[in-house]
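Q: Below is one structure. I have some questions about it.
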Amino acid sequence: MARIVVDPVSRIEGHLRIEANLEGGKLTDAWSSGTMFRGIEMILKGRDPREAWIWAQRICGVCTMVHAIASVRAVEDALKIDVPENAKLVRNLIAGAQMVQDHVVHFYHLHALDWVDVAAALKADPARTSSLAQSISNCEKSSAIYFKGVQSRVKAVVDSGQLSLFASGYWGHPAYTLPPEVNLMAVAHYLEALAWQKDFIRIHAVLGGKNPHPQSFLVGGMSTAMDPNEPAAVITPERIIFMRDLVRGALKFVNDYYIPDVLAIAPLYKDWFTRGEGLGNFLAYGDYSSGDQSDPKTFLFPRGIVMGRDLSRVLPVDPHKITESVAHSWYEYSSGGNLDETGGKHPAIGETFPKYSGPKAPFDHLDVDAKYSWLKAPRYDGKPMEVGPLARMVVGYASGKKEIKDSIDGVLKALNAPPTVLFSTLGRIAARALESQLMARQLESWVNQLDDNLAHGKTAIFNPVRWDPSSWPNSASGVGFHEAPRGALGHWVEIEGKAIKNYQAVVPTTWNAGPRDSKGQRGAYEAALLNTPVADPNRPLEILRTIHSFDPCIACAVHVVDAQGREYTIPRIP
Amino acid sequence: MLATDTTLGQSLANRGVSRRQLVKFCTAMLGTLALPDRYLAQTMAAVTKARKPVLVWLPFQDCTGCSESMLRSSHPDVADVVLDLLSWEYHEVVMAGAGDAANKVLDRVAKEEKGKYIVVVEGAIPTADDGMYCTIGGRTALDIATQMCSNAAATIAVGACAFDGGLVRSSPNPTGALGVHEAVPGIKVINMSGCPHNPVNTAAVLVHYLTFHDLPDLDQYNRPLFAYGRIIHDQCERRAHFDAGRFVTEWGDDGHKKGWCLYKMGCKGPEANFNCPIVQWNDHTSWPIRAGHGCIACASPRFWDNMSPFYDRLPMVHGFGVEASASHIGAGLLGSALVGVTIHGLVRTIKPVPYPVEAINTPAPNPETTAGKEN
């Protein structure tokens with residue numbers, strides 16, 4: 001038996017380490033460890049809750065803004081603030097644009113190199129690549145001359161002997177099996193996506209001043225004042241036109257590049273429709289209402305739970321059933337009581353003290369029988385869950401949500417495959433692409449709603465009733481939920497005497513990348529790696545494929561609460 | 001095998017980039033750096049030379065926002081920087097290799113490129129509890145930073161966290177986080193503060209370094225003067241409203257819709273040094289004040305603790321009289337530009353600098369290498 005260590009896992013956000021046992025060419029066990037801790041929730045204590053979003057947003061700069069939206073929702077829930085429609089539309093646009101941009105970057109820049117051999121692209125025939133591209137997409141850049149140009153650029157880099165970011169790849173690994181032409185097309189689209197992502201995300205600059213870390217959220221609304229007759233307002237008719245162009249461009253990019261590329265590459269790696277299955281338990285809070293955000297029935301992505309891959313039943317979400325265990329995490333719970341069977345506590349009564357107990361650096365292996373991660377282990381009703389695009393699409397499919405069902409059935413038909421292929425490494429990739437398309441289709445309607453409101457002089461974008469802290473009750477608590485690109489996100493806040501008394505975030509990657517609990521139940525990454533064949537232990541490309549399919553974000557996942565450990569009323573999901 | 005005759009010029013030519021486009025790129029860089037155009041030939045020679053300098057980008061206690069910001073670079077295009085301007089060999093968030101293959105890159109660069117490569121650091125470095133709050137490949141961030149920065153030609157600290165510990169270091173600093181110049185004393189550092197750094201400025205520093213083999217002129221915090229030499233308030237598009245006494249007094253009010261001054265809503269522009277209003281963000285599309293929100297002074301030293309609460313009006317010293325004066329101006333009692341300028345001057349004068357200046361390991365700008373740049 002060999003122990004494989006991958007640290008750092010690159011092409012992710014943050015610091016992740018995977019240790020795994022290899023026996024008979026397959027992985028027999030795996031451990032996922034987050035290796036960085038900052039303590040942002042400790043830092044938030046005592047600060048003004050109106051600015052919590054500015055701090056919380058820095059939990060992550062890849063999924064930038066997702067913690068801002070969850071934070072303002074939590075404080076607005078605590079202070080009972082109703083937000084004007086325009087502010088909800090702007091938040092939907094910022095978050096929806098983030099989802100599409102982030103998924104495209106994930107597919108092309110973080111994940112594609114697990115499937116695409118850059119070196120092999122040099123062997124491609126540009127003319128045949130052109131025919132291939134033209135057969136799968138209406139994309140304009142598809143001539144032989146174009147692909148020849150891309151190939152020359154790659155060749156110049158390779159010939160220089162200075163391969164830059166590509167220097168350390170596993171090129172020539174036997175698991176790379178795409179024809180040279182598919183590799184060349186994918187490399188070309190890697191560069192196209194690199195150019196597109198920075199162009200499209202200017203919508204965040206319009207609505208937030210900059211990206212990463214847009215700066216326009218307010219507890220009670222948004223700072224993006226709108227007026228049809230004031231050129232110095234933030235949202236003006238001219239800016240509406242600019243944004244409409246951007247979101248149309250996004251839909252075109254997803255339709256012309258992202259979807260065709262996924263559908264071209266996936267069938268060439270059919271084995272991966274049965275690998276990386278993972279837990280089979282899925283959780284989605286749901287989000288993105290075009291009407292009443294307090295009514296989950298209006299969500300683009302429905303709320304619900306699917307257990308044990310059973311697509312015939314969607315269970316309701318009860319936030320009381322969320323707990324976090326630290327049995328294998330570098331934290332301590334001071335009091336013995338209140339633990340459930342997994343060694344977990346509800347986030348609202350949680351308490352955590354960081355206490356590193358792993359090996360002294362430099363080290364070769366972690367002691368995985370003891371504590372081995374800075375991530376805690378969230379559980380729902382005592383069970384580990386997967387969150388993210390696949391969870392959203394599975395819950396939406398099982399709920400019978402028409403747009404989602406049509407979209408998935410269309411792809412399954414094209415692949416001539418049953419719905420069970422969703423539960424796999426490639427299933428996660430396909431789900432991410434499909435929801436990008438659903439979201440990209442939705443974006444223009446929100447721009448149009450804003451435009452309509454602007455034209456009718458309906459310009460309210462901020463509710464001032466609770467801005468002045470003297471209007472607040474002495475103590476209040478609230479929760480904010482959001483479906484971030486990587487999955488179900490919740491922020492819990494407790495306010496006392498105008499300041500933050502306690503702050504807590506339970507984050508998508510904590511669900512997916514967390515370690516075992518006290519019952520020894522594996523987290524989603526750990527479960528998904530089981531039985532994965534690994535051809536060369538020194539170049540564990542197969543581990544990267546499954547881990548990357550979750551789109552890890554470790555800075556998000558590592559967090560700490562510093563609560564009082566006393567009884568607490570858990571607010572209902574708004 | 002090295003093909004030393006392959007230059008950027010050739011590789012640009014190979015993919016159809018003309019000399020005209022190269023001139024345009026270099027001119028834009030000179031503009032950001034505030035250098036005269038007689039440096040054009042030298043800049044072009046530098047960016048087209050045979051062997052590209054090696055760059056490694058090290059992430060520690062970060063949010064990856066500064067990497068993302070670099071990916072938004074449009075002038076120069078990010079692909080040009082990563083593939084053509086430099087040999088960008090280590091950057092966890094985008095590099096092909098992982099695990100051992102990645103760790104070997106660092107060892108090789110430290111040995112084979114000793115004294116010649118550039119390090120970019122993103123994120124703070126934890127020093128409490130033996131630095132165990134951040135490990136990569138089983139090594140602490142402090143260990144890796146010490147090895148890589150000590151052997152580098154220069155270190156570029158991008159973002160607030162690498163500059164001075166940023167948010168991670170803010171009270172109560174649970175992990176003993178420090179900026180790179182404090183965690184690894186004695187190295188040559190340039191600080192590109194901001195949350196995140198602005199990629200236009202960082203690209204300009206890289207081009208400056210390639211051209212002159214030295215860093216541009218720096219201020220007392222080792223930040224380049226071209227980017228951090230002026231106050232946001234003095235460059236702000238809403239400055240005329242401040243001078244005329246036209247203030248936003250409630251979010252969403254008429255003044256807010258008309259783009260009036262955000263001073264009363266807590267804007268820290270009068271206390272913040274940065275060229276944010278000039279270079280802006282995301283291909284010059286906008287910047288925070290343009291989006292209707294006050295500045296949080298994200299490029300200022302220890303801004304998280306020093307500049308918050310972010311919605312409190314400057315100055316934070318209550319009862320000094322500036323607030324009262326500003327209120328009067330807002331009420332229309334005083335409205336001359338002269339008063340505005342005076343208030344601004346007062347705010348500037350009374351604000352203490354809480355940053356431990358002596359802690360900074362600052363090599364003063366070398367008059368020999370910087371002479372004649374006229375910036």
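Every chain in the structure tokens takes a letter, A first, then B, and so on in the order presented; its residues are numbered from 1, and the ligands are numbered from 1 following the presented order.
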Would you pick out the contacts of stretch 88-90 of chain B at 7 Å or less, using only C-alpha atoms, so that residues sharing its chain but fewer than 2 positions from it are not included, and give the list as a ChimeraX atom specification?

A: /A:164-165,167 /B:54-57,82,86,92,95,105

Q: Keeping N, CA and C atoms, export the residues of the selection given above as a PDB file, in the first residue's frame.

A:
ATOM      1  N   SER A 164       6.461  28.717 -18.423  1.00  0.00           N
ATOM      2  CA  SER A 164       5.585  29.509 -17.560  1.00  0.00           C
ATOM      3  C   SER A 164       4.676  28.595 -16.732  1.00  0.00           C
ATOM      4  N   LEU A 165       3.389  28.908 -16.662  1.00  0.00           N
ATOM      5  CA  LEU A 165       2.447  28.164 -15.816  1.00  0.00           C
ATOM      6  C   LEU A 165       2.333  26.691 -16.200  1.00  0.00           C
ATOM      7  N   ALA A 167       4.807  24.739 -17.023  1.00  0.00           N
ATOM      8  CA  ALA A 167       6.075  24.023 -16.841  1.00  0.00           C
ATOM      9  C   ALA A 167       5.918  22.743 -16.029  1.00  0.00           C
TER      10      ALA A 167
ATOM     11  N   VAL B  54      12.175  35.074 -14.554  1.00  0.00           N
ATOM     12  CA  VAL B  54      11.276  34.121 -13.898  1.00  0.00           C
ATOM     13  C   VAL B  54      10.523  34.820 -12.767  1.00  0.00           C
ATOM     14  N   LEU B  55       9.248  34.491 -12.643  1.00  0.00           N
ATOM     15  CA  LEU B  55       8.447  35.032 -11.554  1.00  0.00           C
ATOM     16  C   LEU B  55       7.753  33.885 -10.819  1.00  0.00           C
ATOM     17  N   VAL B  56       7.764  33.946  -9.496  1.00  0.00           N
ATOM     18  CA  VAL B  56       6.965  33.007  -8.702  1.00  0.00           C
ATOM     19  C   VAL B  56       6.003  33.802  -7.835  1.00  0.00           C
ATOM     20  N   TRP B  57       4.771  33.313  -7.751  1.00  0.00           N
ATOM     21  CA  TRP B  57       3.706  34.021  -7.017  1.00  0.00           C
ATOM     22  C   TRP B  57       3.310  33.132  -5.839  1.00  0.00           C
ATOM     23  N   VAL B  82       1.600  36.790 -18.517  1.00  0.00           N
ATOM     24  CA  VAL B  82       1.922  35.461 -18.014  1.00  0.00           C
ATOM     25  C   VAL B  82       2.739  34.649 -19.021  1.00  0.00           C
ATOM     26  N   LEU B  86       6.962  37.568 -18.926  1.00  0.00           N
ATOM     27  CA  LEU B  86       7.729  36.885 -17.886  1.00  0.00           C
ATOM     28  C   LEU B  86       7.548  35.391 -18.038  1.00  0.00           C
ATOM     29  N   GLU B  92      -0.066  29.007  -7.616  1.00  0.00           N
ATOM     30  CA  GLU B  92      -0.915  27.851  -7.323  1.00  0.00           C
ATOM     31  C   GLU B  92      -2.294  27.922  -7.956  1.00  0.00           C
ATOM     32  N   MET B  95      -1.469  27.415 -11.993  1.00  0.00           N
ATOM     33  CA  MET B  95      -0.406  26.588 -12.581  1.00  0.00           C
ATOM     34  C   MET B  95      -0.885  25.157 -12.844  1.00  0.00           C
ATOM     35  N   VAL B 105       9.292  23.110  -8.391  1.00  0.00           N
ATOM     36  CA  VAL B 105       9.500  24.360  -9.127  1.00  0.00           C
ATOM     37  C   VAL B 105      10.162  25.388  -8.206  1.00  0.00           C
TER      38      VAL B 105
END

Q: Taking only stretch 24-94 of chain A into account, list the residues labelled strand (DSSP E or B) by DSSP (computed from the backbone), as a list in words.

A: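 Result set for stretch 24-94 of chain A (strand (DSSP E or B)): Lys26, Leu27, Thr28, Asp29, Ala30, Trp31, Ser32, Ser33, Gly34 and Met36 of chain A.
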
Q: Output as a PyMOL selection string all residues of stretch 83-115 of chain B that backbone DSSP marks as helix (DSSP H, G or I).

A: chain B and resi 83-85+99-112

Q: Please produce a file of those selected residues containing C-alpha atoms, as a short mmCIF file (atom, residue, chain, number, x, y, z; two decimals), in the first residue's frame.

A:
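File written: selection33.cif
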data_model
loop_
_atom_site.label_atom_id
_atom_site.label_comp_id
_atom_site.auth_asym_id
_atom_site.auth_seq_id
_atom_site.Cartn_x
_atom_site.Cartn_y
_atom_site.Cartn_z
CA LEU B 83 3.11 33.98 -21.30
CA ASP B 84 5.21 36.65 -22.98
CA LEU B 85 6.53 39.28 -20.58
CA GLY B 99 1.94 18.55 -5.14
CA ASP B 100 5.56 17.45 -5.60
CA ALA B 101 5.68 18.78 -9.15
CA ALA B 102 4.80 22.24 -7.84
CA ASN B 103 7.13 22.12 -4.85
CA LYS B 104 10.03 21.18 -7.12
CA VAL B 105 9.50 24.36 -9.13
CA LEU B 106 10.23 26.47 -6.06
CA ASP B 107 13.39 24.56 -5.19
CA ARG B 108 14.64 24.75 -8.75
CA VAL B 109 13.95 28.48 -9.09
CA ALA B 110 15.59 29.31 -5.74
CA LYS B 111 18.72 27.44 -6.81
CA GLU B 112 19.03 27.99 -10.56
#

Q: Any idea what's packed within 10 Å of A:Gly169, counting only C-alpha atoms, ignoring anything in its chain fewer than 4 positions away? Could you give it as a ChimeraX atom specification?

A: /A:113-114,117-119,163,165,173,539,541 /B:95-98,101-102

Q: Find the residues around stretch 186-201 of chain B up to 6 Å (only C-alpha atoms counted), leave out those fewer than 2 positions away in its own chain, and share them as a PyMOL selection string.

A: chain B and resi 66+70+73+154-160+163+203-204+222-223+298-299
